[in-house]
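Undergrad: For reference, this is final-v1.cif, and it has mmCIF, C-alpha atoms.
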```
data_data
#
loop_
_atom_site.label_atom_id
_atom_site.label_comp_id
_atom_site.auth_asym_id
_atom_site.auth_seq_id
_atom_site.Cartn_x
_atom_site.Cartn_y
_atom_site.Cartn_z
CA MET A 1268 120.05 102.85 139.21
CA ASN A 1269 116.52 101.81 140.11
CA HIS A 1270 113.94 104.50 140.61
CA PRO A 1271 110.71 104.03 142.57
CA GLY A 1272 107.99 102.93 140.19
CA GLY A 1273 110.36 101.96 137.39
CA PRO A 1274 112.42 104.04 134.95
CA ARG A 1275 112.46 107.72 135.86
CA GLY A 1276 109.61 107.28 138.32
CA ALA A 1277 107.16 105.66 135.88
CA ARG A 1278 103.89 104.68 137.50
CA HIS A 1279 101.35 102.14 136.34
CA THR A 1280 97.65 102.12 137.06
CA LYS A 1281 94.63 100.10 136.06
CA ILE A 1282 91.96 101.80 133.99
CA VAL A 1283 88.76 100.69 132.31
CA LEU A 1284 87.78 101.86 128.84
CA ASP A 1285 84.60 101.03 126.96
CA VAL A 1286 86.07 100.51 123.48
CA ASP A 1287 83.57 99.97 120.67
CA GLY A 1288 81.02 98.70 123.18
CA GLU A 1289 83.34 96.35 125.05
CA HIS A 1290 84.61 97.06 128.58
CA ARG A 1291 88.36 96.61 128.61
CA THR A 1292 90.59 96.75 131.70
CA LEU A 1293 94.24 97.51 131.20
CA ASP A 1294 97.34 98.34 133.19
CA VAL A 1295 99.06 101.39 131.72
CA ASP A 1296 102.01 103.59 132.44
CA THR A 1297 100.50 106.92 133.45
CA ARG A 1298 102.36 108.56 130.54
CA THR A 1299 100.70 106.34 127.90
CA THR A 1300 98.63 108.18 125.32
CA LEU A 1301 95.12 107.00 124.57
CA LEU A 1302 96.30 106.11 121.06
CA ASP A 1303 99.10 103.89 122.35
CA ALA A 1304 96.79 102.27 124.91
CA LEU A 1305 94.32 101.43 122.15
CA ARG A 1306 96.88 100.18 119.63
CA GLU A 1307 99.62 98.68 121.79
CA ASN A 1308 97.74 97.51 124.88
CA LEU A 1309 94.38 96.53 123.38
CA GLY A 1310 95.23 95.73 119.75
CA VAL A 1311 92.68 98.22 118.40
CA THR A 1312 94.17 99.26 115.08
CA ALA A 1313 91.52 101.52 113.52
CA PRO A 1314 93.08 104.74 114.87
CA LYS A 1315 96.44 105.24 113.19
CA LYS A 1316 99.63 106.85 114.42
CA GLY A 1317 100.40 109.50 111.85
CA CYS A 1318 102.19 112.57 113.12
CA ASP A 1319 101.91 111.86 116.88
CA HIS A 1320 101.46 115.63 117.36
CA GLY A 1321 97.70 116.06 116.81
CA GLN A 1322 98.15 117.67 113.42
CA CYS A 1323 97.02 114.97 110.97
CA GLY A 1324 93.88 113.49 112.56
CA SER A 1325 94.70 109.86 111.70
CA CYS A 1326 94.20 108.96 115.36
CA THR A 1327 90.76 110.59 115.67
CA VAL A 1328 88.24 108.65 117.75
CA LEU A 1329 84.96 109.57 119.37
CA LEU A 1330 85.59 110.07 123.08
CA ASP A 1331 82.32 110.04 124.98
CA GLY A 1332 80.66 111.02 121.70
CA ARG A 1333 82.98 113.90 120.82
CA ARG A 1334 85.83 113.68 118.36
CA ALA A 1335 89.32 113.71 119.83
CA THR A 1336 92.86 113.21 118.62
CA SER A 1337 93.89 110.24 120.73
CA CYS A 1338 97.63 110.92 120.40
CA LEU A 1339 97.30 114.11 122.46
CA THR A 1340 95.60 112.77 125.56
CA PHE A 1341 96.70 110.42 128.30
CA ALA A 1342 94.77 107.19 128.68
CA VAL A 1343 94.54 107.60 132.47
CA ALA A 1344 92.63 110.86 132.00
CA HIS A 1345 89.81 108.86 130.44
CA ASP A 1346 89.32 106.03 132.90
CA GLY A 1347 85.71 104.90 132.43
CA ALA A 1348 85.31 106.71 129.10
CA ARG A 1349 83.43 105.45 126.06
CA ILE A 1350 85.75 105.26 123.04
CA THR A 1351 84.31 104.67 119.58
CA THR A 1352 86.61 103.92 116.67
CA ALA A 1353 85.62 103.58 113.03
CA HIS A 1354 85.18 99.84 113.64
CA GLY A 1355 82.74 100.52 116.46
CA LEU A 1356 80.52 102.67 114.26
CA ALA A 1357 79.38 99.64 112.24
CA ASP A 1358 76.25 97.73 113.18
CA GLY A 1359 77.43 94.16 112.69
CA ASP A 1360 78.16 93.80 108.99
CA GLU A 1361 76.31 97.02 108.14
CA LEU A 1362 78.56 100.05 107.71
CA HIS A 1363 77.75 103.36 109.36
CA ALA A 1364 76.18 105.79 106.87
CA VAL A 1365 79.38 107.88 106.81
CA ALA A 1366 81.59 104.84 106.14
CA GLN A 1367 79.20 103.67 103.43
CA ALA A 1368 79.34 107.10 101.81
CA PHE A 1369 83.15 107.00 101.89
CA VAL A 1370 83.02 103.69 99.99
CA GLU A 1371 80.43 104.92 97.48
CA GLN A 1372 82.21 108.23 96.86
CA ASP A 1373 85.71 106.67 96.76
CA GLY A 1374 86.86 108.85 99.64
CA LEU A 1375 89.40 106.36 100.96
CA GLN A 1376 92.25 105.78 98.49
CA CYS A 1377 95.13 104.32 100.57
CA GLY A 1378 92.87 104.05 103.61
CA TYR A 1379 95.43 105.14 106.22
CA CYS A 1380 93.61 108.31 107.25
CA THR A 1381 90.12 106.89 106.58
CA PRO A 1382 89.23 105.66 110.10
CA GLY A 1383 90.14 109.06 111.55
CA GLN A 1384 88.33 110.86 108.73
CA ILE A 1385 85.19 108.79 109.33
CA CYS A 1386 85.21 109.36 113.10
CA SER A 1387 85.84 113.05 112.56
CA ALA A 1388 83.02 113.27 110.00
CA VAL A 1389 80.59 111.54 112.39
CA GLY A 1390 81.57 113.94 115.19
CA MET A 1391 81.49 116.91 112.84
CA LEU A 1392 78.00 116.05 111.63
CA ASP A 1393 76.79 115.68 115.23
CA GLU A 1394 78.20 119.15 115.97
CA TYR A 1395 76.49 120.54 112.88
CA TRP A 1396 73.12 118.90 113.69
CA SER A 1397 73.43 120.27 117.24
CA GLN A 1398 73.81 123.70 115.60
CA HIS A 1399 77.31 124.39 116.91
CA PRO A 1400 78.85 127.14 114.78
CA SER A 1401 82.32 126.97 113.29
CA ILE A 1402 84.75 129.77 112.44
CA VAL A 1403 83.17 130.10 108.97
CA THR A 1404 79.53 130.12 110.15
CA GLU A 1405 78.31 133.46 108.86
CA ASP A 1406 75.16 134.07 110.93
CA LEU A 1407 75.61 133.04 114.55
CA MET A 1408 71.94 133.71 115.24
CA ALA A 1409 70.75 131.17 112.64
CA PRO A 1410 71.44 127.46 112.33
CA PRO A 1411 74.63 126.87 110.34
CA GLU A 1412 74.31 125.78 106.71
CA LEU A 1413 76.31 122.75 105.62
CA THR A 1414 78.19 124.46 102.82
CA ASP A 1415 81.37 123.07 101.31
CA ASP A 1416 83.35 125.71 103.21
CA GLU A 1417 81.62 124.66 106.45
CA ILE A 1418 82.55 120.99 105.86
CA ARG A 1419 86.12 121.88 104.92
CA GLU A 1420 86.59 124.01 108.03
CA ARG A 1421 85.10 121.41 110.34
CA MET A 1422 87.28 118.67 108.80
CA SER A 1423 90.46 120.79 108.67
CA GLY A 1424 92.10 118.78 111.45
CA ASN A 1425 92.19 115.66 109.28
CA LEU A 1426 94.76 115.39 106.52
CA CYS A 1427 94.64 113.02 103.55
CA ARG A 1428 98.05 112.26 102.11
CA CYS A 1429 96.45 110.91 98.90
CA GLY A 1430 94.51 114.11 98.26
CA ALA A 1431 91.03 112.54 98.18
CA TYR A 1432 89.50 115.73 99.59
CA THR A 1433 86.94 116.16 96.80
CA ASN A 1434 85.67 112.63 97.36
CA ILE A 1435 85.71 113.02 101.15
CA LEU A 1436 83.65 116.19 100.79
CA ALA A 1437 81.16 114.33 98.55
CA ALA A 1438 80.99 111.46 101.04
CA ILE A 1439 80.22 113.77 103.97
CA ARG A 1440 77.60 115.59 101.93
CA GLN A 1441 76.01 112.23 100.97
CA ALA A 1442 75.99 111.05 104.60
CA ALA A 1443 74.47 114.35 105.77
CA GLU A 1444 71.66 114.03 103.26
CA ALA A 1445 70.94 110.38 104.11
#
```
Could you render the structure as structure tokens?
TA:
Amino acid sequence: MNHPGGPRGARHTKIVLDVDGEHRTLDVDTRTTLLDALRENLGVTAPKKGCDHGQCGSCTVLLDGRRATSCLTFAVAHDGARITTAHGLADGDELHAVAQAFVEQDGLQCGYCTPGQICSAVGMLDEYWSQHPSIVTEDLMAPPELTDDEIRERMSGNLCRCGAYTNILAAIRQAAEA
């Protein structure tokens, strides 16, 4: 049986995304997640599909400058948005300071979670520098201190299956001090 708009009423629409500095127009099913639009429709493979439930952070991107788990949001909700993946953080052949710190501190073992970790760390550091408190910020009247507990809490949405947490922590600390 044919349903209007395709299977079970599926609808398609055109959207425009600015992905890593490049305007991209695509036709998507309105039920397509941002992650699937990036990977399947545009061939952008930096964000990874890990849990597909927003629990592992492998799909983390910067969405209009703020970190977001791309598996939990529909692409159509972000028509016109600026999406930055770990690839888009580089300046030509020069790595972003966070990515360089991950390399220098060996915070990337298998590498599967690394793009999401890097995007999350960039977003997390922006939040910290903007003086946004976290749940572990002790004094809400003073700027937060970038303690190990503060970094761990702010990065808690990103899992590393290899257990490189100590090196990831060192990499974020190095990038923050750069």
Undergrad: Determine, counting all atoms listed in the file, which protein, DNA and RNA residues have an atom within 9 Å of an atom of A:Ile1418; residues of the same chain fewer than 6 positions away are not included. Present the result as a count of residues only.
TA: 6
Undergrad: List the spatial neighbours of A:Lys1281 as a PDB file with C-alpha atoms, in the coordinates of the input - criterion: any atom at most 8 Å away, all atoms listed in the file, same-chain residues fewer than 6 positions off excluded.
TA:
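Here's the written file selection.pdb:
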```pdb
ATOM      1  CA  THR A1292      90.590  96.750 131.700  1.00  0.00           C
ATOM      2  CA  LEU A1293      94.240  97.510 131.200  1.00  0.00           C
ATOM      3  CA  ASP A1294      97.340  98.340 133.190  1.00  0.00           C
ATOM      4  CA  VAL A1295      99.060 101.390 131.720  1.00  0.00           C
TER       5      VAL A1295
END
```
Undergrad: Separation of atom CA of A:Leu1362 and atom CA of A:Asp1346, in Å?
TA: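 Atom-to-atom, atom CA of A:Leu1362 and atom CA of A:Asp1346 are spaced 28.0 Å apart.
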Undergrad: For A:Thr1340, which residue among A:Thr1404, A:Asn1308, A:Thr1327, A:Asn1425 is the nearest when counting all atoms listed in the file?
TA: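 That would be A:Thr1327, the residue with the smallest distance to A:Thr1340.
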Undergrad: Would you write out, as an MDAnalysis selection string, every residue that the PyMOL selection byres ((chain A and resi 1302) around 8) captures in this file?
TA: chainID A and resid 1300:1301 1303:1306 1314:1316 1326 1337:1338 1342
Undergrad: Determine the residue set returned by the PyMOL selection byres ((chain A and resi 1431) around 12) for the present structure, and present it as an MDAnalysis selection string.
TA: chainID A and resid 1369 1372:1381 1384 1425:1430 1432:1438
Undergrad: For the residues selected in the previous step, produce a file with C-alpha atoms as an mmCIF file, in the frame of the given file.
TA:
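For reference, out35.cif as written:
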```cif
data_model
loop_
_atom_site.group_PDB
_atom_site.id
_atom_site.type_symbol
_atom_site.label_atom_id
_atom_site.label_comp_id
_atom_site.auth_asym_id
_atom_site.auth_seq_id
_atom_site.Cartn_x
_atom_site.Cartn_y
_atom_site.Cartn_z
ATOM 1 C CA PHE A 1369 83.150 107.000 101.890
ATOM 2 C CA GLN A 1372 82.210 108.230 96.860
ATOM 3 C CA ASP A 1373 85.710 106.670 96.760
ATOM 4 C CA GLY A 1374 86.860 108.850 99.640
ATOM 5 C CA LEU A 1375 89.400 106.360 100.960
ATOM 6 C CA GLN A 1376 92.250 105.780 98.490
ATOM 7 C CA CYS A 1377 95.130 104.320 100.570
ATOM 8 C CA GLY A 1378 92.870 104.050 103.610
ATOM 9 C CA TYR A 1379 95.430 105.140 106.220
ATOM 10 C CA CYS A 1380 93.610 108.310 107.250
ATOM 11 C CA THR A 1381 90.120 106.890 106.580
ATOM 12 C CA GLN A 1384 88.330 110.860 108.730
ATOM 13 C CA ASN A 1425 92.190 115.660 109.280
ATOM 14 C CA LEU A 1426 94.760 115.390 106.520
ATOM 15 C CA CYS A 1427 94.640 113.020 103.550
ATOM 16 C CA ARG A 1428 98.050 112.260 102.110
ATOM 17 C CA CYS A 1429 96.450 110.910 98.900
ATOM 18 C CA GLY A 1430 94.510 114.110 98.260
ATOM 19 C CA TYR A 1432 89.500 115.730 99.590
ATOM 20 C CA THR A 1433 86.940 116.160 96.800
ATOM 21 C CA ASN A 1434 85.670 112.630 97.360
ATOM 22 C CA ILE A 1435 85.710 113.020 101.150
ATOM 23 C CA LEU A 1436 83.650 116.190 100.790
ATOM 24 C CA ALA A 1437 81.160 114.330 98.550
ATOM 25 C CA ALA A 1438 80.990 111.460 101.040
#
```
Undergrad: Looking at A:Ala1364, A:Met1408, A:Ala1353, A:Leu1339, which one is nearest to A:Asp1319, with distances taken over all atoms listed in the file?
TA: A:Leu1339
Undergrad: Find the spatial neighbours of stretch 1411-1415 of chain A, counting only C-alpha atoms, within a cut-off of 9 Å - ignore same-chain residues fewer than 6 positions away - and output them as a list in words.
TA: Tyr1395, Trp1396, Gln1398, His1399, Pro1400, Ser1401, Thr1404, Glu1405, Leu1436, Arg1440 and Ala1443 of chain A
Undergrad: Which value, in Å to one decimal, gives the distance between atom CA of A:Val1370 and atom CA of A:Thr1312?
TA: 19.3 Å
Undergrad: Select from stretch 1327-1443 of chain A every residue with an atom at most 12 Å from any atom of stretch 1286-1289 of chain A, then for each give the shortest pair of atoms and their distance in Å to one decimal, using all atoms listed in the file, rows by chain and rising number, as a tab-separated table.
TA:
```
residue	atom	partner	partner_atom	distance
A:Val1328	CA	A:Val1286	CA	10.2
A:Leu1329	CA	A:Asp1287	CA	9.8
A:Leu1330	CA	A:Val1286	CA	9.6
A:Asp1331	CA	A:Val1286	CA	10.4
A:Gly1332	CA	A:Asp1287	CA	11.5
A:His1345	CA	A:Val1286	CA	11.5
A:Asp1346	CA	A:Val1286	CA	11.4
A:Gly1347	CA	A:Val1286	CA	10.0
A:Ala1348	CA	A:Val1286	CA	8.4
A:Arg1349	CA	A:Val1286	CA	6.2
A:Ile1350	CA	A:Val1286	CA	4.8
A:Thr1351	CA	A:Asp1287	CA	4.9
A:Thr1352	CA	A:Asp1287	CA	6.4
A:Ala1353	CA	A:Asp1287	CA	8.7
A:His1354	CA	A:Asp1287	CA	7.2
A:Gly1355	CA	A:Asp1287	CA	4.3
A:Leu1356	CA	A:Asp1287	CA	7.6
A:Ala1357	CA	A:Asp1287	CA	9.4
A:Asp1358	CA	A:Asp1287	CA	10.7
A:Gly1359	CA	A:Asp1287	CA	11.6
```
Undergrad: Take the selection from the previous step and output its residues with C-alpha atoms, as a JSON list (two decimals), keeping the file's coordinate frame.
TA:
```
[["chain", "number", "residue", "atom", "x", "y", "z"],
["A", 1328, "VAL", "CA", 88.24, 108.65, 117.75],
["A", 1329, "LEU", "CA", 84.96, 109.57, 119.37],
["A", 1330, "LEU", "CA", 85.59, 110.07, 123.08],
["A", 1331, "ASP", "CA", 82.32, 110.04, 124.98],
["A", 1332, "GLY", "CA", 80.66, 111.02, 121.70],
["A", 1345, "HIS", "CA", 89.81, 108.86, 130.44],
["A", 1346, "ASP", "CA", 89.32, 106.03, 132.90],
["A", 1347, "GLY", "CA", 85.71, 104.90, 132.43],
["A", 1348, "ALA", "CA", 85.31, 106.71, 129.10],
["A", 1349, "ARG", "CA", 83.43, 105.45, 126.06],
["A", 1350, "ILE", "CA", 85.75, 105.26, 123.04],
["A", 1351, "THR", "CA", 84.31, 104.67, 119.58],
["A", 1352, "THR", "CA", 86.61, 103.92, 116.67],
["A", 1353, "ALA", "CA", 85.62, 103.58, 113.03],
["A", 1354, "HIS", "CA", 85.18, 99.84, 113.64],
["A", 1355, "GLY", "CA", 82.74, 100.52, 116.46],
["A", 1356, "LEU", "CA", 80.52, 102.67, 114.26],
["A", 1357, "ALA", "CA", 79.38, 99.64, 112.24],
["A", 1358, "ASP", "CA", 76.25, 97.73, 113.18],
["A", 1359, "GLY", "CA", 77.43, 94.16, 112.69]]
```
Undergrad: Could you tell me how far atom CA of A:Ser1387 sits from atom CA of A:Gly1324, in Å to one decimal place?
TA: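 Atom CA of A:Ser1387 lies at a distance of 8.1 Å from atom CA of A:Gly1324.
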Undergrad: Compare A:Ala1442, A:Leu1407, A:Glu1307, A:Gly1424 by their minimum atom-to-atom distance to A:Asp1393, counting only C-alpha atoms, and give me the closest one.
TA: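 Going through A:Ala1442, A:Leu1407, A:Glu1307, A:Gly1424 one by one, the smallest distance to A:Asp1393 is for A:Ala1442.
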Undergrad: So which one's closest to A:Leu1309, A:Thr1297, A:Ala1366, A:Leu1284, A:Glu1444? Using only C-alpha atoms, please.
TA: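 Using only C-alpha atoms, the shortest distance to A:Leu1309 belongs to A:Leu1284.
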